[in-house]
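**Q** Here it is, the structure in full.
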Amino acid sequence: MKQIAIFASGAGSNALEIIRHFKGHKTINVSLVLCNKPGAGVIDLAEYAGIPVIMIEKEQFFRGHAYVVELQQARIDLIVLAGFLWKIPKALTDAFKGRILNIHPALLPKYGGKGMYGKHVHEAVIASGDQSSGITIHLVDDVYDNGQIIFQTKVDISEGDTPETLASKVHILEHRYFPSVIEEFIENKNPC
Ligand code: GRF
């Protein structure tokens, strides 16, 4: 059984889709959720799904062992960042090289990097006058939004689109594609 740990900081709508997708799956299991934001919606979602939640403490994460011990004890094969707003420390990218996936709500390498999250991304895309946006699923290394791109798909930007309406269009893509891209990544014998 391949074990997945989801890292999230927010509402957890992506985490929910991933949990739903793998519920009852023969060979893949979401066994852990890690969260750095007390009160985040993802905590309730995980508890409702009966998935243990580890609350991430800043000191431990950035100056300690970055929860590598807990992840190895849980025999985690793949880490999935589903709206996790902190940069992943080297201790973790080293321990899980090639085994951390992130989803970014734009077409990297454009509109990525520190501070480019949530509405900031969609505001920048709308302001740019680009005709389309989309999602990027990529491997995580030591640089923000920089690792090998695993999957991208686009959505047209319409005349009247605002950052809010674009965010909704992008969220639909995330929910539709992230779970199956994760499944393909694991089943294509990547280093998980
Ligand atoms: C998503 O838009 C994702 O692209 C970004 O963070 C957001 C998480 O949303 N990385 P949710 O918490 O999964 O609803």
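Labeling convention for the structure tokens: chains A, B, ... as they appear, residues from 1 per chain, ligands from 1 in order of appearance.
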Pick out the residues sitting within 9 Å of stretch 28-40 of chain A, and hand them over as a PDB file with all heavy atoms, in the first residue's frame; count only C-alpha atoms, and ignore anything fewer than 6 positions along from it in its own chain.

**A**
```
ATOM      1  N   MET A   1       0.847  -1.196   0.000  1.00  0.00           N
ATOM      2  CA  MET A   1       0.000   0.000   0.000  1.00  0.00           C
ATOM      3  C   MET A   1       0.888   1.255   0.000  1.00  0.00           C
ATOM      4  O   MET A   1       1.789   1.351   0.832  1.00  0.00           O
ATOM      5  CB  MET A   1      -0.921   0.000   1.232  1.00  0.00           C
ATOM      6  CG  MET A   1      -1.928   1.122   1.292  1.00  0.00           C
ATOM      7  SD  MET A   1      -3.202   0.958   0.054  1.00  0.00           S
ATOM      8  CE  MET A   1      -4.502   0.146   0.948  1.00  0.00           C
ATOM      9  N   LYS A   2       0.699   2.171  -0.933  1.00  0.00           N
ATOM     10  CA  LYS A   2       1.469   3.418  -0.928  1.00  0.00           C
ATOM     11  C   LYS A   2       0.756   4.445  -0.041  1.00  0.00           C
ATOM     12  O   LYS A   2      -0.443   4.661  -0.166  1.00  0.00           O
ATOM     13  CB  LYS A   2       1.568   3.966  -2.356  1.00  0.00           C
ATOM     14  CG  LYS A   2       2.373   3.087  -3.301  1.00  0.00           C
ATOM     15  CD  LYS A   2       3.853   3.138  -2.972  1.00  0.00           C
ATOM     16  CE  LYS A   2       4.665   2.330  -3.970  1.00  0.00           C
ATOM     17  NZ  LYS A   2       6.091   2.274  -3.597  1.00  0.00           N
ATOM     18  N   GLN A   3       1.537   5.063   0.852  1.00  0.00           N
ATOM     19  CA  GLN A   3       0.952   6.008   1.797  1.00  0.00           C
ATOM     20  C   GLN A   3       1.220   7.463   1.380  1.00  0.00           C
ATOM     21  O   GLN A   3       2.365   7.804   1.053  1.00  0.00           O
ATOM     22  CB  GLN A   3       1.555   5.785   3.194  1.00  0.00           C
ATOM     23  CG  GLN A   3       1.443   4.351   3.704  1.00  0.00           C
ATOM     24  CD  GLN A   3      -0.008   3.920   3.976  1.00  0.00           C
ATOM     25  OE1 GLN A   3      -0.923   4.755   4.049  1.00  0.00           O
ATOM     26  NE2 GLN A   3      -0.209   2.623   4.093  1.00  0.00           N
ATOM     27  N   ILE A   4       0.182   8.287   1.406  1.00  0.00           N
ATOM     28  CA  ILE A   4       0.285   9.710   1.061  1.00  0.00           C
ATOM     29  C   ILE A   4       0.082  10.560   2.309  1.00  0.00           C
ATOM     30  O   ILE A   4      -0.818  10.277   3.122  1.00  0.00           O
ATOM     31  CB  ILE A   4      -0.796  10.108   0.029  1.00  0.00           C
ATOM     32  CG1 ILE A   4      -0.550   9.437  -1.323  1.00  0.00           C
ATOM     33  CG2 ILE A   4      -0.873  11.623  -0.141  1.00  0.00           C
ATOM     34  CD1 ILE A   4      -1.675   9.677  -2.334  1.00  0.00           C
ATOM     35  N   ALA A   5       0.919  11.599   2.461  1.00  0.00           N
ATOM     36  CA  ALA A   5       0.676  12.623   3.494  1.00  0.00           C
ATOM     37  C   ALA A   5       0.331  13.917   2.761  1.00  0.00           C
ATOM     38  O   ALA A   5       1.045  14.315   1.835  1.00  0.00           O
ATOM     39  CB  ALA A   5       1.917  12.839   4.362  1.00  0.00           C
ATOM     40  N   ILE A   6      -0.774  14.542   3.156  1.00  0.00           N
ATOM     41  CA  ILE A   6      -1.182  15.819   2.572  1.00  0.00           C
ATOM     42  C   ILE A   6      -0.783  16.935   3.522  1.00  0.00           C
ATOM     43  O   ILE A   6      -1.079  16.876   4.715  1.00  0.00           O
ATOM     44  CB  ILE A   6      -2.713  15.867   2.348  1.00  0.00           C
ATOM     45  CG1 ILE A   6      -3.159  14.804   1.328  1.00  0.00           C
ATOM     46  CG2 ILE A   6      -3.150  17.256   1.892  1.00  0.00           C
ATOM     47  CD1 ILE A   6      -4.673  14.714   1.137  1.00  0.00           C
ATOM     48  N   PHE A   7      -0.104  17.969   2.984  1.00  0.00           N
ATOM     49  CA  PHE A   7       0.202  19.178   3.745  1.00  0.00           C
ATOM     50  C   PHE A   7      -0.755  20.263   3.249  1.00  0.00           C
ATOM     51  O   PHE A   7      -0.866  20.487   2.039  1.00  0.00           O
ATOM     52  CB  PHE A   7       1.634  19.663   3.466  1.00  0.00           C
ATOM     53  CG  PHE A   7       2.723  18.900   4.169  1.00  0.00           C
ATOM     54  CD1 PHE A   7       2.793  17.519   4.162  1.00  0.00           C
ATOM     55  CD2 PHE A   7       3.717  19.611   4.851  1.00  0.00           C
ATOM     56  CE1 PHE A   7       3.820  16.837   4.802  1.00  0.00           C
ATOM     57  CE2 PHE A   7       4.760  18.937   5.498  1.00  0.00           C
ATOM     58  CZ  PHE A   7       4.804  17.548   5.456  1.00  0.00           C
ATOM     59  N   ALA A   8      -1.437  20.946   4.155  1.00  0.00           N
ATOM     60  CA  ALA A   8      -2.372  22.002   3.747  1.00  0.00           C
ATOM     61  C   ALA A   8      -2.446  23.083   4.820  1.00  0.00           C
ATOM     62  O   ALA A   8      -2.195  22.829   5.995  1.00  0.00           O
ATOM     63  CB  ALA A   8      -3.759  21.410   3.487  1.00  0.00           C
ATOM     64  N   SER A   9      -2.810  24.294   4.384  1.00  0.00           N
ATOM     65  CA  SER A   9      -2.914  25.425   5.322  1.00  0.00           C
ATOM     66  C   SER A   9      -4.305  26.039   5.334  1.00  0.00           C
ATOM     67  O   SER A   9      -4.567  26.950   6.114  1.00  0.00           O
ATOM     68  CB  SER A   9      -1.932  26.547   4.918  1.00  0.00           C
ATOM     69  OG  SER A   9      -0.633  26.064   4.755  1.00  0.00           O
ATOM     70  N   GLY A  10      -5.179  25.588   4.399  1.00  0.00           N
ATOM     71  CA  GLY A  10      -6.407  26.370   4.220  1.00  0.00           C
ATOM     72  C   GLY A  10      -7.689  25.557   4.294  1.00  0.00           C
ATOM     73  O   GLY A  10      -7.794  24.620   5.083  1.00  0.00           O
ATOM     74  N   ALA A  11      -8.607  25.922   3.407  1.00  0.00           N
ATOM     75  CA  ALA A  11      -9.951  25.307   3.410  1.00  0.00           C
ATOM     76  C   ALA A  11      -9.882  23.809   3.164  1.00  0.00           C
ATOM     77  O   ALA A  11     -10.670  23.028   3.688  1.00  0.00           O
ATOM     78  CB  ALA A  11     -10.811  25.963   2.335  1.00  0.00           C
ATOM     79  N   GLY A  12      -8.930  23.398   2.348  1.00  0.00           N
ATOM     80  CA  GLY A  12      -8.733  21.966   2.126  1.00  0.00           C
ATOM     81  C   GLY A  12      -9.618  21.376   1.049  1.00  0.00           C
ATOM     82  O   GLY A  12      -9.827  20.166   1.006  1.00  0.00           O
ATOM     83  N   ALA A  15      -7.564  18.920  -0.728  1.00  0.00           N
ATOM     84  CA  ALA A  15      -7.325  17.762   0.149  1.00  0.00           C
ATOM     85  C   ALA A  15      -8.564  16.865   0.163  1.00  0.00           C
ATOM     86  O   ALA A  15      -8.461  15.630   0.051  1.00  0.00           O
ATOM     87  CB  ALA A  15      -7.003  18.233   1.565  1.00  0.00           C
ATOM     88  N   ILE A  18      -8.795  14.804  -2.963  1.00  0.00           N
ATOM     89  CA  ILE A  18      -7.778  13.738  -2.959  1.00  0.00           C
ATOM     90  C   ILE A  18      -8.201  12.611  -2.015  1.00  0.00           C
ATOM     91  O   ILE A  18      -8.138  11.428  -2.354  1.00  0.00           O
ATOM     92  CB  ILE A  18      -6.407  14.329  -2.553  1.00  0.00           C
ATOM     93  CG1 ILE A  18      -5.936  15.329  -3.603  1.00  0.00           C
ATOM     94  CG2 ILE A  18      -5.362  13.221  -2.353  1.00  0.00           C
ATOM     95  CD1 ILE A  18      -4.818  16.258  -3.114  1.00  0.00           C
ATOM     96  N   ILE A  19      -8.688  12.988  -0.837  1.00  0.00           N
ATOM     97  CA  ILE A  19      -9.155  11.978   0.132  1.00  0.00           C
ATOM     98  C   ILE A  19     -10.300  11.157  -0.474  1.00  0.00           C
ATOM     99  O   ILE A  19     -10.301   9.919  -0.419  1.00  0.00           O
ATOM    100  CB  ILE A  19      -9.589  12.660   1.447  1.00  0.00           C
ATOM    101  CG1 ILE A  19      -8.362  13.215   2.191  1.00  0.00           C
ATOM    102  CG2 ILE A  19     -10.358  11.678   2.352  1.00  0.00           C
ATOM    103  CD1 ILE A  19      -8.696  14.203   3.310  1.00  0.00           C
ATOM    104  N   PHE A  22      -9.097   8.621  -3.226  1.00  0.00           N
ATOM    105  CA  PHE A  22      -8.373   7.410  -2.808  1.00  0.00           C
ATOM    106  C   PHE A  22      -9.115   6.581  -1.759  1.00  0.00           C
ATOM    107  O   PHE A  22      -8.636   5.543  -1.326  1.00  0.00           O
ATOM    108  CB  PHE A  22      -6.965   7.788  -2.317  1.00  0.00           C
ATOM    109  CG  PHE A  22      -6.068   8.277  -3.418  1.00  0.00           C
ATOM    110  CD1 PHE A  22      -5.690   9.608  -3.486  1.00  0.00           C
ATOM    111  CD2 PHE A  22      -5.642   7.412  -4.425  1.00  0.00           C
ATOM    112  CE1 PHE A  22      -4.880  10.068  -4.518  1.00  0.00           C
ATOM    113  CE2 PHE A  22      -4.845   7.866  -5.475  1.00  0.00           C
ATOM    114  CZ  PHE A  22      -4.461   9.189  -5.514  1.00  0.00           C
ATOM    115  N   ALA A  46     -10.233  16.393   7.536  1.00  0.00           N
ATOM    116  CA  ALA A  46      -9.412  15.196   7.817  1.00  0.00           C
ATOM    117  C   ALA A  46     -10.017  14.401   8.970  1.00  0.00           C
ATOM    118  O   ALA A  46     -10.164  13.176   8.895  1.00  0.00           O
ATOM    119  CB  ALA A  46      -7.994  15.618   8.150  1.00  0.00           C
ATOM    120  N   ILE A  51      -8.813  10.693   9.324  1.00  0.00           N
ATOM    121  CA  ILE A  51      -7.367  10.737   9.007  1.00  0.00           C
ATOM    122  C   ILE A  51      -6.643  11.560  10.075  1.00  0.00           C
ATOM    123  O   ILE A  51      -7.036  12.705  10.345  1.00  0.00           O
ATOM    124  CB  ILE A  51      -7.134  11.364   7.611  1.00  0.00           C
ATOM    125  CG1 ILE A  51      -7.810  10.498   6.539  1.00  0.00           C
ATOM    126  CG2 ILE A  51      -5.640  11.495   7.323  1.00  0.00           C
ATOM    127  CD1 ILE A  51      -7.795  11.100   5.157  1.00  0.00           C
ATOM    128  N   PRO A  52      -5.590  10.983  10.690  1.00  0.00           N
ATOM    129  CA  PRO A  52      -4.855  11.708  11.738  1.00  0.00           C
ATOM    130  C   PRO A  52      -4.270  13.020  11.225  1.00  0.00           C
ATOM    131  O   PRO A  52      -3.824  13.086  10.062  1.00  0.00           O
ATOM    132  CB  PRO A  52      -3.729  10.748  12.123  1.00  0.00           C
ATOM    133  CG  PRO A  52      -4.117   9.420  11.593  1.00  0.00           C
ATOM    134  CD  PRO A  52      -5.034   9.657  10.439  1.00  0.00           C
ATOM    135  N   VAL A  53      -4.305  14.034  12.063  1.00  0.00           N
ATOM    136  CA  VAL A  53      -3.768  15.358  11.716  1.00  0.00           C
ATOM    137  C   VAL A  53      -2.598  15.668  12.636  1.00  0.00           C
ATOM    138  O   VAL A  53      -2.687  15.482  13.848  1.00  0.00           O
ATOM    139  CB  VAL A  53      -4.848  16.446  11.882  1.00  0.00           C
ATOM    140  CG1 VAL A  53      -4.276  17.831  11.582  1.00  0.00           C
ATOM    141  CG2 VAL A  53      -6.042  16.170  10.963  1.00  0.00           C
ATOM    142  N   ILE A  54      -1.490  16.088  12.032  1.00  0.00           N
ATOM    143  CA  ILE A  54      -0.352  16.591  12.822  1.00  0.00           C
ATOM    144  C   ILE A  54      -0.300  18.097  12.613  1.00  0.00           C
ATOM    145  O   ILE A  54      -0.232  18.569  11.465  1.00  0.00           O
ATOM    146  CB  ILE A  54       0.980  15.958  12.362  1.00  0.00           C
ATOM    147  CG1 ILE A  54       0.992  14.458  12.654  1.00  0.00           C
ATOM    148  CG2 ILE A  54       2.165  16.656  13.037  1.00  0.00           C
ATOM    149  CD1 ILE A  54       2.273  13.754  12.197  1.00  0.00           C
ATOM    150  N   MET A  55      -0.352  18.857  13.705  1.00  0.00           N
ATOM    151  CA  MET A  55      -0.227  20.309  13.597  1.00  0.00           C
ATOM    152  C   MET A  55       1.262  20.656  13.554  1.00  0.00           C
ATOM    153  O   MET A  55       2.037  20.210  14.396  1.00  0.00           O
ATOM    154  CB  MET A  55      -0.903  21.011  14.783  1.00  0.00           C
ATOM    155  CG  MET A  55      -2.428  20.898  14.762  1.00  0.00           C
ATOM    156  SD  MET A  55      -3.186  21.374  13.188  1.00  0.00           S
ATOM    157  CE  MET A  55      -2.805  23.134  13.161  1.00  0.00           C
ATOM    158  N   ILE A  56       1.652  21.429  12.548  1.00  0.00           N
ATOM    159  CA  ILE A  56       3.066  21.756  12.348  1.00  0.00           C
ATOM    160  C   ILE A  56       3.449  22.971  13.183  1.00  0.00           C
ATOM    161  O   ILE A  56       2.788  24.021  13.108  1.00  0.00           O
ATOM    162  CB  ILE A  56       3.335  22.055  10.857  1.00  0.00           C
ATOM    163  CG1 ILE A  56       3.127  20.787  10.024  1.00  0.00           C
ATOM    164  CG2 ILE A  56       4.744  22.596  10.660  1.00  0.00           C
ATOM    165  CD1 ILE A  56       3.272  20.996   8.544  1.00  0.00           C
ATOM    166  N   GLU A  57       4.505  22.818  13.943  1.00  0.00           N
ATOM    167  CA  GLU A  57       4.993  23.906  14.801  1.00  0.00           C
ATOM    168  C   GLU A  57       6.184  24.550  14.076  1.00  0.00           C
ATOM    169  O   GLU A  57       7.097  23.852  13.620  1.00  0.00           O
ATOM    170  CB  GLU A  57       5.384  23.251  16.140  1.00  0.00           C
ATOM    171  CG  GLU A  57       5.490  24.165  17.318  1.00  0.00           C
ATOM    172  CD  GLU A  57       6.835  24.857  17.317  1.00  0.00           C
ATOM    173  OE1 GLU A  57       7.835  24.166  17.106  1.00  0.00           O
ATOM    174  OE2 GLU A  57       6.848  26.086  17.478  1.00  0.00           O
ATOM    175  N   LYS A  58       6.169  25.875  13.945  1.00  0.00           N
ATOM    176  CA  LYS A  58       7.126  26.589  13.077  1.00  0.00           C
ATOM    177  C   LYS A  58       8.585  26.259  13.400  1.00  0.00           C
ATOM    178  O   LYS A  58       9.374  25.930  12.507  1.00  0.00           O
ATOM    179  CB  LYS A  58       6.882  28.098  13.202  1.00  0.00           C
ATOM    180  CG  LYS A  58       7.438  28.890  12.028  1.00  0.00           C
ATOM    181  CD  LYS A  58       6.773  30.242  11.884  1.00  0.00           C
ATOM    182  CE  LYS A  58       7.064  30.850  10.511  1.00  0.00           C
ATOM    183  NZ  LYS A  58       6.244  32.034  10.220  1.00  0.00           N
ATOM    184  N   LEU A  71       7.003  11.423   9.499  1.00  0.00           N
ATOM    185  CA  LEU A  71       6.623  10.964   8.156  1.00  0.00           C
ATOM    186  C   LEU A  71       7.226   9.587   7.869  1.00  0.00           C
ATOM    187  O   LEU A  71       6.575   8.716   7.283  1.00  0.00           O
ATOM    188  CB  LEU A  71       7.085  11.982   7.107  1.00  0.00           C
ATOM    189  CG  LEU A  71       6.315  13.315   7.151  1.00  0.00           C
ATOM    190  CD1 LEU A  71       7.102  14.421   6.444  1.00  0.00           C
ATOM    191  CD2 LEU A  71       4.936  13.167   6.516  1.00  0.00           C
ATOM    192  N   ALA A  74       5.407   6.957   9.792  1.00  0.00           N
ATOM    193  CA  ALA A  74       4.101   6.649   9.159  1.00  0.00           C
ATOM    194  C   ALA A  74       4.305   5.971   7.807  1.00  0.00           C
ATOM    195  O   ALA A  74       3.347   5.739   7.066  1.00  0.00           O
ATOM    196  CB  ALA A  74       3.302   7.934   8.986  1.00  0.00           C
ATOM    197  N   ILE A  76       5.435   7.116   5.011  1.00  0.00           N
ATOM    198  CA  ILE A  76       4.908   7.937   3.920  1.00  0.00           C
ATOM    199  C   ILE A  76       5.770   7.768   2.672  1.00  0.00           C
ATOM    200  O   ILE A  76       7.000   7.856   2.737  1.00  0.00           O
ATOM    201  CB  ILE A  76       4.835   9.422   4.341  1.00  0.00           C
ATOM    202  CG1 ILE A  76       3.844   9.594   5.500  1.00  0.00           C
ATOM    203  CG2 ILE A  76       4.476  10.313   3.153  1.00  0.00           C
ATOM    204  CD1 ILE A  76       2.413   9.173   5.218  1.00  0.00           C
ATOM    205  N   PHE A  84      -0.401  24.508   0.745  1.00  0.00           N
ATOM    206  CA  PHE A  84       0.478  24.648   1.919  1.00  0.00           C
ATOM    207  C   PHE A  84       1.336  25.879   1.680  1.00  0.00           C
ATOM    208  O   PHE A  84       2.047  25.944   0.668  1.00  0.00           O
ATOM    209  CB  PHE A  84       1.339  23.392   2.111  1.00  0.00           C
ATOM    210  CG  PHE A  84       2.139  23.407   3.374  1.00  0.00           C
ATOM    211  CD1 PHE A  84       1.507  23.303   4.609  1.00  0.00           C
ATOM    212  CD2 PHE A  84       3.519  23.562   3.347  1.00  0.00           C
ATOM    213  CE1 PHE A  84       2.231  23.328   5.795  1.00  0.00           C
ATOM    214  CE2 PHE A  84       4.258  23.587   4.524  1.00  0.00           C
ATOM    215  CZ  PHE A  84       3.610  23.475   5.748  1.00  0.00           C
ATOM    216  N   LEU A  85       1.259  26.855   2.618  1.00  0.00           N
ATOM    217  CA  LEU A  85       1.813  28.178   2.276  1.00  0.00           C
ATOM    218  C   LEU A  85       3.245  28.421   2.745  1.00  0.00           C
ATOM    219  O   LEU A  85       3.797  29.483   2.529  1.00  0.00           O
ATOM    220  CB  LEU A  85       0.876  29.267   2.811  1.00  0.00           C
ATOM    221  CG  LEU A  85      -0.512  29.265   2.156  1.00  0.00           C
ATOM    222  CD1 LEU A  85      -1.348  30.417   2.680  1.00  0.00           C
ATOM    223  CD2 LEU A  85      -0.408  29.334   0.640  1.00  0.00           C
ATOM    224  N   TRP A  86       3.849  27.440   3.397  1.00  0.00           N
ATOM    225  CA  TRP A  86       5.255  27.641   3.789  1.00  0.00           C
ATOM    226  C   TRP A  86       6.181  26.940   2.806  1.00  0.00           C
ATOM    227  O   TRP A  86       5.828  25.922   2.204  1.00  0.00           O
ATOM    228  CB  TRP A  86       5.507  27.061   5.190  1.00  0.00           C
ATOM    229  CG  TRP A  86       4.909  27.852   6.310  1.00  0.00           C
ATOM    230  CD1 TRP A  86       4.309  29.086   6.234  1.00  0.00           C
ATOM    231  CD2 TRP A  86       4.808  27.451   7.686  1.00  0.00           C
ATOM    232  NE1 TRP A  86       3.849  29.464   7.475  1.00  0.00           N
ATOM    233  CE2 TRP A  86       4.168  28.500   8.371  1.00  0.00           C
ATOM    234  CE3 TRP A  86       5.228  26.330   8.397  1.00  0.00           C
ATOM    235  CZ2 TRP A  86       3.922  28.444   9.739  1.00  0.00           C
ATOM    236  CZ3 TRP A  86       4.985  26.265   9.765  1.00  0.00           C
ATOM    237  CH2 TRP A  86       4.335  27.320  10.424  1.00  0.00           C
ATOM    238  N   GLU A 183      -2.299   9.919  -8.696  1.00  0.00           N
ATOM    239  CA  GLU A 183      -2.408   8.460  -8.884  1.00  0.00           C
ATOM    240  C   GLU A 183      -1.473   7.991  -9.995  1.00  0.00           C
ATOM    241  O   GLU A 183      -0.703   7.039  -9.816  1.00  0.00           O
ATOM    242  CB  GLU A 183      -3.854   8.093  -9.222  1.00  0.00           C
ATOM    243  CG  GLU A 183      -4.074   6.603  -9.314  1.00  0.00           C
ATOM    244  CD  GLU A 183      -5.556   6.246  -9.379  1.00  0.00           C
ATOM    245  OE1 GLU A 183      -6.410   7.153  -9.529  1.00  0.00           O
ATOM    246  OE2 GLU A 183      -5.856   5.045  -9.253  1.00  0.00           O
ATOM    247  N   ILE A 186       2.216   8.049  -8.908  1.00  0.00           N
ATOM    248  CA  ILE A 186       2.591   6.914  -8.050  1.00  0.00           C
ATOM    249  C   ILE A 186       2.664   5.639  -8.882  1.00  0.00           C
ATOM    250  O   ILE A 186       3.610   4.856  -8.783  1.00  0.00           O
ATOM    251  CB  ILE A 186       1.564   6.746  -6.903  1.00  0.00           C
ATOM    252  CG1 ILE A 186       1.699   7.910  -5.916  1.00  0.00           C
ATOM    253  CG2 ILE A 186       1.760   5.402  -6.189  1.00  0.00           C
ATOM    254  CD1 ILE A 186       0.655   7.898  -4.804  1.00  0.00           C
TER     255      ILE A 186
END
```

**Q** DSSP on the backbone, then: every residue of stretch 34-189 of chain A marked strand (DSSP E or B), written as a ChimeraX atom specification.

**A** /A:34-35,53-55,78-81,100-104,132-139,149-156

**Q** Around ligand 1, at most 8 Å away and counting only C-alpha atoms and all ligand atoms, which residues are there? Put them as a ChimeraX atom specification, please.

**A** /A:8-16,41-42,81-85,102-106,117-118,135,167,170-171,174

**Q** Per DSSP on the backbone, what are the helix (DSSP H, G or I) residues of stretch 22-179 of chain A, as a PyMOL selection string?

**A** chain A and resi 22+41-48+58-63+68-73+90-95+119-128+163-179

**Q** Let me make sure I understand: among A:Leu173, A:Ile43, A:Ala91, A:Ile79, which one has the smallest atom-to-atom distance to A:Asp156 if we use only C-alpha atoms?

**A**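 Closest candidate: A:Leu173.
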
**Q** Have a look at atom CA of A:Pro179 and atom CA of A:Ile137 and let me know their distance in Å, one decimal.

**A**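 Pair atom CA of A:Pro179 / atom CA of A:Ile137 returns 10.7 Å.
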
**Q** Can you work out which one of A:Leu107, A:Lys119, A:Leu101, A:Asp44 has the shortest atom-to-atom distance to A:Lys154, counting only C-alpha atoms?

**A**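 Nearest to A:Lys154: A:Leu107.
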
**Q** Return the single residue from A:Phe185, A:Phe178, A:Tyr144, A:Phe62 that is closest to A:Leu78, with distances computed using only C-alpha atoms.

**A**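 Smallest separation from A:Leu78 among the options: A:Phe185.
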
**Q** Given the choices A:Gln73, A:Glu187, A:Glu159, A:Gln131, which gets closest to A:Thr27 if the distance is worked out from only C-alpha atoms?

**A**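 Using only C-alpha atoms, A:Thr27 sits closest to A:Glu187.
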
**Q** Please measure the separation of atom CA of A:His138 and atom CA of A:Lys169, giving the value in Å to one decimal.

**A** 19.6 Å

**Q** What is the atom CA of A:Gly113 to atom CA of A:Gly160 distance in Å?

**A** 26.8 Å

**Q** Nearest to A:Phe61: which of A:Tyr48, A:Cys192, A:Pro89, A:Ile182 is it, counting only C-alpha atoms?

**A**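 Nearest candidate to A:Phe61 out of A:Tyr48, A:Cys192, A:Pro89, A:Ile182: A:Pro89.
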
**Q** Counting only C-alpha atoms, which residue out of A:Ala127, A:Val80, A:Ala66, A:Leu45 sits closest to A:Leu92?

**A** A:Ala66
